[in-house]
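Note: the block below is entry-v2.txt and it holds compact mmCIF, C-alpha atoms.
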```
# COMPACT_ATOMS: atom_id res chain seq x y z
CA MET F 1 120.38 109.70 98.79
CA GLY F 2 123.82 109.19 97.31
CA ASN F 3 125.39 106.00 96.09
CA GLU F 4 125.67 103.35 98.80
CA ALA F 5 123.64 105.46 101.21
CA PHE F 6 123.30 102.50 103.58
CA SER F 7 126.86 101.31 103.91
CA THR F 8 126.73 100.32 107.57
CA GLU F 9 124.45 98.55 109.97
CA GLU F 10 124.16 101.79 111.94
CA SER F 11 122.89 103.78 108.95
CA ILE F 12 120.08 101.25 108.43
CA LEU F 13 119.20 101.07 112.12
CA ARG F 14 119.00 104.89 112.26
CA LEU F 15 116.53 104.81 109.38
CA PHE F 16 114.33 102.39 111.31
CA GLU F 17 114.65 104.63 114.37
CA GLU F 18 113.17 107.51 112.34
CA VAL F 19 110.38 105.27 111.04
CA ASP F 20 109.67 104.02 114.57
CA LYS F 21 109.31 107.57 115.88
CA ALA F 22 106.92 108.44 113.04
CA LEU F 23 104.80 105.37 113.90
CA HIS F 24 104.38 106.58 117.48
CA GLY F 25 101.47 104.83 119.14
CA LYS F 26 100.63 102.49 116.26
CA PRO F 27 100.31 98.72 116.80
CA LEU F 28 103.55 96.78 116.36
CA ILE F 29 104.56 96.10 112.76
CA GLU F 30 106.84 93.20 111.88
CA VAL F 31 109.36 94.11 109.18
CA PHE F 32 111.68 91.77 107.27
CA VAL F 33 114.67 93.43 105.60
CA VAL F 34 115.43 91.86 102.23
CA GLY F 35 118.05 92.53 99.55
CA TYR F 36 121.62 93.61 99.99
CA SER F 37 120.74 95.73 103.02
CA ALA F 38 120.07 92.41 104.83
CA ILE F 39 123.69 91.45 104.09
CA VAL F 40 124.82 94.81 105.51
CA LEU F 41 122.80 94.10 108.68
CA ALA F 42 124.49 90.72 108.97
CA ARG F 43 127.78 92.67 108.92
CA ALA F 44 128.90 90.40 106.14
CA ASN F 45 129.19 92.82 103.26
CA ASN F 46 131.82 94.14 100.91
CA ARG F 47 129.75 97.12 99.83
CA GLY F 48 126.75 99.11 100.96
CA SER F 49 123.25 99.23 99.58
CA ASN F 50 121.49 102.03 97.73
CA ASP F 51 118.16 101.18 99.32
CA VAL F 52 116.47 99.36 102.15
CA VAL F 53 113.91 96.84 100.90
CA ILE F 54 111.34 95.48 103.32
CA ILE F 55 108.47 93.04 103.60
CA PRO F 56 106.16 94.46 106.30
CA SER F 57 103.43 92.52 108.11
CA ARG F 58 101.15 95.42 107.20
CA PHE F 59 101.59 98.57 105.18
CA SER F 60 102.11 102.05 106.58
CA ARG F 61 102.53 105.21 104.54
CA VAL F 62 105.40 106.05 106.91
CA PHE F 63 107.59 103.44 105.17
CA SER F 64 107.51 105.11 101.77
CA GLU F 65 107.72 108.57 103.35
CA HIS F 66 111.12 107.50 104.74
CA GLY F 67 112.32 106.01 101.46
CA LEU F 68 111.92 102.34 102.31
CA GLU F 69 111.07 100.12 99.35
CA VAL F 70 108.05 98.04 100.31
CA PHE F 71 107.24 94.71 98.67
CA ASP F 72 104.86 91.87 99.29
CA GLU F 73 106.45 88.62 100.39
CA HIS F 74 105.43 86.91 97.16
CA TYR F 75 107.45 89.33 95.05
CA PHE F 76 110.61 87.43 96.05
CA TYR F 77 111.39 83.79 95.39
CA LEU F 78 112.49 83.10 98.95
CA PRO F 79 112.93 79.52 100.14
CA ALA F 80 109.69 78.26 101.67
CA ASP F 81 111.19 78.06 105.18
CA TYR F 82 113.03 81.41 105.10
CA LYS F 83 111.21 82.66 108.22
CA SER F 84 112.93 79.95 110.27
CA ARG F 85 116.27 81.67 109.53
CA LEU F 86 115.25 85.31 110.19
CA LYS F 87 117.64 87.23 112.45
CA PRO F 88 116.65 90.11 114.75
CA VAL F 89 118.49 93.42 114.35
CA SER F 90 120.65 94.55 117.25
CA ARG F 91 118.28 97.35 118.27
CA LYS F 92 114.78 97.28 119.76
CA TYR F 93 112.03 99.65 118.68
CA ASP F 94 108.68 100.57 120.22
CA ASN F 95 106.54 100.16 117.09
CA LEU F 96 108.64 97.88 114.91
CA ASN F 97 109.96 94.35 115.19
CA VAL F 98 112.77 94.44 112.61
CA MET F 99 114.42 91.24 111.39
CA TYR F 100 116.59 90.57 108.38
CA VAL F 101 116.50 87.69 105.95
CA ASP F 102 119.42 85.25 106.19
CA ALA F 103 122.21 85.59 103.62
CA HIS F 104 121.42 82.14 102.17
CA ASP F 105 117.87 83.22 101.45
CA ILE F 106 119.03 86.52 99.92
CA TRP F 107 121.36 84.47 97.72
CA PHE F 108 118.31 82.73 96.24
CA THR F 109 116.51 86.00 95.53
CA LYS F 110 119.59 86.93 93.52
CA LEU F 111 119.56 83.58 91.73
CA GLY F 112 115.91 84.20 90.83
CA ALA F 113 116.76 87.60 89.31
CA PHE F 114 120.12 86.46 87.87
CA ARG F 115 121.25 89.88 86.64
CA ASN F 116 124.99 90.44 86.15
CA LYS F 117 125.27 92.36 89.43
CA ASP F 118 123.47 89.50 91.20
CA LYS F 119 125.91 86.95 89.77
CA VAL F 120 128.84 89.06 91.03
CA ASP F 121 127.22 89.33 94.48
CA MET F 122 126.47 85.60 94.65
CA ILE F 123 130.02 84.61 93.71
CA GLN F 124 131.44 87.14 96.18
CA MET F 125 129.19 85.81 98.95
CA ILE F 126 130.55 82.33 98.32
CA LYS F 127 134.18 83.48 98.12
CA GLU F 128 133.92 85.47 101.36
CA GLY F 129 132.18 82.66 103.23
CA VAL F 130 129.04 84.74 103.77
CA VAL F 131 127.09 81.65 102.70
CA ASP F 132 127.86 77.98 103.27
CA VAL F 133 127.90 76.19 99.91
CA HIS F 134 126.78 72.91 101.45
CA LEU F 135 123.68 74.58 102.87
CA LEU F 136 123.12 76.25 99.48
CA ASP F 137 123.17 72.81 97.85
CA ILE F 138 120.46 71.54 100.21
CA LEU F 139 118.36 74.68 99.95
CA PHE F 140 118.68 74.86 96.16
CA LYS F 141 117.04 71.48 95.65
CA GLN F 142 114.13 72.46 97.89
CA TRP F 143 113.85 75.98 96.40
CA ASN F 144 113.94 74.83 92.77
CA ALA F 145 111.33 72.13 93.44
CA TYR F 146 109.07 74.45 95.46
CA TRP F 147 109.02 77.44 93.09
CA PHE F 148 110.05 76.08 89.70
CA LYS F 149 109.29 72.34 89.57
CA ASN F 150 113.02 71.49 89.20
CA ASN F 151 113.69 73.84 86.30
CA PRO F 152 116.86 72.71 84.44
CA GLU F 153 117.72 76.29 83.39
CA LEU F 154 117.83 77.32 87.04
CA GLU F 155 120.05 74.33 87.73
CA GLU F 156 122.44 75.61 85.04
CA ASN F 157 122.37 79.11 86.53
CA TYR F 158 122.97 77.68 89.99
CA ASN F 159 125.93 75.64 88.79
CA GLU F 160 127.38 78.65 86.97
CA VAL F 161 127.76 80.63 90.18
CA ARG F 162 128.07 77.77 92.68
CA TYR F 163 131.07 76.25 90.90
CA TYR F 164 132.52 79.48 89.48
CA ASP F 165 135.86 79.11 91.30
CA THR F 166 136.42 75.49 90.28
CA ARG F 167 135.88 76.27 86.59
CA ASN F 168 138.04 79.40 86.63
CA CYS F 169 140.96 78.13 88.70
CA SER F 170 142.24 75.51 86.27
CA THR F 171 145.02 77.69 84.85
```
Write-out of the structure in structure tokens:
Amino acid sequence: MGNEAFSTEESILRLFEEVDKALHGKPLIEVFVVGYSAIVLARANNRGSNDVVIIPSRFSRVFSEHGLEVFDEHYFYLPADYKSRLKPVSRKYDNLNVMYVDAHDIWFTKLGAFRNKDKVDMIQMIKEGVVDVHLLDILFKQWNAYWFKNNPELEENYNEVRYYDTRNCST
């Protein structure tokens, strides 16, 4: 598919509709949408996503046949309690229970990767109010302790994006 193939909530929900039809008669599969497509589903985006990344409760060949990128939950450094913040999509399916990961939790997957595009996304999410910085502060302490035993380099990376505006607005 072309660049930003999934630029709207509807485009992602249509993809899951196709997957649901292909799963006809199979037991229900729980699917968590991760990555920037989760931000699109939250309708809190400034761009689309090139892919739809999921964590399924069990694997089906149908996912990859429809172009979904499938990962195990442990591939991502999600906050330990991320499931408590999952949001259901606005459409119901017969064979899928689709939910998307909260923007705060996606923010931490980007902090874990810390590529240039992730830094841009994280700063933009703060600027646009997609994430609450006070909740990020609370979650960061828990996340860094849980996954990284309070890694000081991660603290530096966190501060770089968390306080980006305050450092760059002093002119």
* Go through F:Val34, F:Ala145, F:Leu13, F:Leu139 and flag the residue nearest Ile55 of chain F, using all atoms listed in the file for the distances. => F:Val34
* Among the residues F:Ala22, F:Ala42, F:Val98, F:Val62, the one that comes closest to Val131 of chain F [using all atoms listed in the file] ->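 Of the candidates, the smallest distance to Val131 of chain F is held by F:Ala42.
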* Have a look at atom CA of Trp143 of chain F and atom CA of Asn157 of chain F and let me know their distance in Å, one decimal. => 13.4 Å
* Would you mind reading off the distance between atom CA of Lys83 of chain F and atom CA of Thr109 of chain F, one decimal, in Å? =>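 One can read the atom CA of Lys83 of chain F to atom CA of Thr109 of chain F distance as 14.2 Å.
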* Atomic separation - atom CA of Asp72 of chain F relative to atom CA of Ile39 of chain F, Å -> 19.4 Å
* To do: Could you give me, as a PyMOL selection string, the residues that have an atom at most 8 Å away from the point (114.5, 84.8, 111.7) in the coordinates of the file, using only C-alpha atoms?
  => chain F and resi 82-88+99-102
* Near Phe76 of chain F, within 10 Å and counting all atoms listed in the file, which residues show up once chain neighbours fewer than 2 positions away are dropped, as a list in words? ->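 What passes the distance filter is Val34, Gly35, Ile55, Phe71, Asp72, Glu73, His74, Leu78, Pro79, Asp105, Ile106, Phe108, Thr109, Lys110, Gly112 and Ala113 of chain F.
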* Who sits within 10 Å of Gly67 of chain F, all atoms listed in the file, same chain under 6 positions skipped, as an MDAnalysis selection string -> chainID F and resid 1 15 19 51:53
Please produce a file of those selected residues containing C-alpha atoms, as an mmCIF file, keeping the file's coordinate frame.
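In the end it all went to again32.cif:
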```
data_model
loop_
_atom_site.group_PDB
_atom_site.id
_atom_site.type_symbol
_atom_site.label_atom_id
_atom_site.label_comp_id
_atom_site.auth_asym_id
_atom_site.auth_seq_id
_atom_site.Cartn_x
_atom_site.Cartn_y
_atom_site.Cartn_z
ATOM 1 C CA MET F 1 120.380 109.700 98.790
ATOM 2 C CA LEU F 15 116.530 104.810 109.380
ATOM 3 C CA VAL F 19 110.380 105.270 111.040
ATOM 4 C CA ASP F 51 118.160 101.180 99.320
ATOM 5 C CA VAL F 52 116.470 99.360 102.150
ATOM 6 C CA VAL F 53 113.910 96.840 100.900
#
```
* Counting all atoms listed in the file, figure out which residue out of F:Leu136, F:Arg58, F:Phe148, F:Gln142 gets nearest to Asn97 of chain F. =>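 Answer, going by the shortest atom-to-atom distance: F:Arg58.
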Reconstructed segment 104-130 of chain F, atom set N, CA and C atoms, as a PDB file, keeping the file's coordinate frame:
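Generated file (result.pdb):
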```pdb
ATOM      1  N   HIS F 104     121.708  83.261 103.083  1.00  0.00           N
ATOM      2  CA  HIS F 104     121.420  82.140 102.170  1.00  0.00           C
ATOM      3  C   HIS F 104     120.129  82.399 101.392  1.00  0.00           C
ATOM      4  N   ASP F 105     119.150  82.937 102.087  1.00  0.00           N
ATOM      5  CA  ASP F 105     117.870  83.220 101.450  1.00  0.00           C
ATOM      6  C   ASP F 105     117.981  84.398 100.480  1.00  0.00           C
ATOM      7  N   ILE F 106     118.769  85.395 100.832  1.00  0.00           N
ATOM      8  CA  ILE F 106     119.030  86.520  99.920  1.00  0.00           C
ATOM      9  C   ILE F 106     119.726  86.001  98.667  1.00  0.00           C
ATOM     10  N   TRP F 107     120.635  85.064  98.845  1.00  0.00           N
ATOM     11  CA  TRP F 107     121.360  84.470  97.720  1.00  0.00           C
ATOM     12  C   TRP F 107     120.372  83.922  96.692  1.00  0.00           C
ATOM     13  N   PHE F 108     119.296  83.296  97.171  1.00  0.00           N
ATOM     14  CA  PHE F 108     118.310  82.730  96.240  1.00  0.00           C
ATOM     15  C   PHE F 108     117.449  83.786  95.571  1.00  0.00           C
ATOM     16  N   THR F 109     117.221  84.925  96.232  1.00  0.00           N
ATOM     17  CA  THR F 109     116.510  86.000  95.530  1.00  0.00           C
ATOM     18  C   THR F 109     117.371  86.513  94.384  1.00  0.00           C
ATOM     19  N   LYS F 110     118.672  86.512  94.581  1.00  0.00           N
ATOM     20  CA  LYS F 110     119.590  86.930  93.520  1.00  0.00           C
ATOM     21  C   LYS F 110     119.649  85.892  92.398  1.00  0.00           C
ATOM     22  N   LEU F 111     119.592  84.632  92.754  1.00  0.00           N
ATOM     23  CA  LEU F 111     119.560  83.580  91.730  1.00  0.00           C
ATOM     24  C   LEU F 111     118.277  83.704  90.901  1.00  0.00           C
ATOM     25  N   GLY F 112     117.176  84.025  91.547  1.00  0.00           N
ATOM     26  CA  GLY F 112     115.910  84.200  90.830  1.00  0.00           C
ATOM     27  C   GLY F 112     115.965  85.347  89.835  1.00  0.00           C
ATOM     28  N   ALA F 113     116.637  86.439  90.205  1.00  0.00           N
ATOM     29  CA  ALA F 113     116.760  87.600  89.310  1.00  0.00           C
ATOM     30  C   ALA F 113     117.844  87.363  88.262  1.00  0.00           C
ATOM     31  N   PHE F 114     118.976  86.854  88.690  1.00  0.00           N
ATOM     32  CA  PHE F 114     120.120  86.460  87.870  1.00  0.00           C
ATOM     33  C   PHE F 114     120.624  87.544  86.906  1.00  0.00           C
ATOM     34  N   ARG F 115     120.643  88.789  87.401  1.00  0.00           N
ATOM     35  CA  ARG F 115     121.250  89.880  86.640  1.00  0.00           C
ATOM     36  C   ARG F 115     122.771  89.793  86.844  1.00  0.00           C
ATOM     37  N   ASN F 116     123.527  90.480  86.013  1.00  0.00           N
ATOM     38  CA  ASN F 116     124.990  90.440  86.150  1.00  0.00           C
ATOM     39  C   ASN F 116     125.452  90.848  87.539  1.00  0.00           C
ATOM     40  N   LYS F 117     124.858  91.920  88.090  1.00  0.00           N
ATOM     41  CA  LYS F 117     125.270  92.360  89.430  1.00  0.00           C
ATOM     42  C   LYS F 117     124.928  91.308  90.481  1.00  0.00           C
ATOM     43  N   ASP F 118     123.838  90.566  90.269  1.00  0.00           N
ATOM     44  CA  ASP F 118     123.470  89.500  91.200  1.00  0.00           C
ATOM     45  C   ASP F 118     124.482  88.358  91.129  1.00  0.00           C
ATOM     46  N   LYS F 119     124.914  88.011  89.924  1.00  0.00           N
ATOM     47  CA  LYS F 119     125.910  86.950  89.770  1.00  0.00           C
ATOM     48  C   LYS F 119     127.194  87.324  90.514  1.00  0.00           C
ATOM     49  N   VAL F 120     127.630  88.573  90.346  1.00  0.00           N
ATOM     50  CA  VAL F 120     128.840  89.060  91.030  1.00  0.00           C
ATOM     51  C   VAL F 120     128.652  88.945  92.542  1.00  0.00           C
ATOM     52  N   ASP F 121     127.501  89.411  93.046  1.00  0.00           N
ATOM     53  CA  ASP F 121     127.220  89.330  94.480  1.00  0.00           C
ATOM     54  C   ASP F 121     127.222  87.892  94.974  1.00  0.00           C
ATOM     55  N   MET F 122     126.577  86.999  94.231  1.00  0.00           N
ATOM     56  CA  MET F 122     126.470  85.600  94.650  1.00  0.00           C
ATOM     57  C   MET F 122     127.846  84.944  94.722  1.00  0.00           C
ATOM     58  N   ILE F 123     128.668  85.182  93.719  1.00  0.00           N
ATOM     59  CA  ILE F 123     130.020  84.610  93.710  1.00  0.00           C
ATOM     60  C   ILE F 123     130.838  85.180  94.860  1.00  0.00           C
ATOM     61  N   GLN F 124     130.707  86.494  95.084  1.00  0.00           N
ATOM     62  CA  GLN F 124     131.440  87.140  96.180  1.00  0.00           C
ATOM     63  C   GLN F 124     130.996  86.590  97.532  1.00  0.00           C
ATOM     64  N   MET F 125     129.698  86.358  97.695  1.00  0.00           N
ATOM     65  CA  MET F 125     129.190  85.810  98.950  1.00  0.00           C
ATOM     66  C   MET F 125     129.759  84.421  99.222  1.00  0.00           C
ATOM     67  N   ILE F 126     129.935  83.648  98.170  1.00  0.00           N
ATOM     68  CA  ILE F 126     130.550  82.330  98.320  1.00  0.00           C
ATOM     69  C   ILE F 126     132.025  82.481  98.667  1.00  0.00           C
ATOM     70  N   LYS F 127     132.745  83.302  97.902  1.00  0.00           N
ATOM     71  CA  LYS F 127     134.180  83.480  98.120  1.00  0.00           C
ATOM     72  C   LYS F 127     134.496  83.972  99.530  1.00  0.00           C
ATOM     73  N   GLU F 128     133.672  84.877 100.041  1.00  0.00           N
ATOM     74  CA  GLU F 128     133.920  85.470 101.360  1.00  0.00           C
ATOM     75  C   GLU F 128     133.374  84.623 102.502  1.00  0.00           C
ATOM     76  N   GLY F 129     132.724  83.511 102.182  1.00  0.00           N
ATOM     77  CA  GLY F 129     132.180  82.660 103.230  1.00  0.00           C
ATOM     78  C   GLY F 129     130.937  83.231 103.900  1.00  0.00           C
ATOM     79  N   VAL F 130     130.284  84.179 103.245  1.00  0.00           N
ATOM     80  CA  VAL F 130     129.040  84.740 103.770  1.00  0.00           C
ATOM     81  C   VAL F 130     127.952  83.677 103.766  1.00  0.00           C
TER      82      VAL F 130
END
```
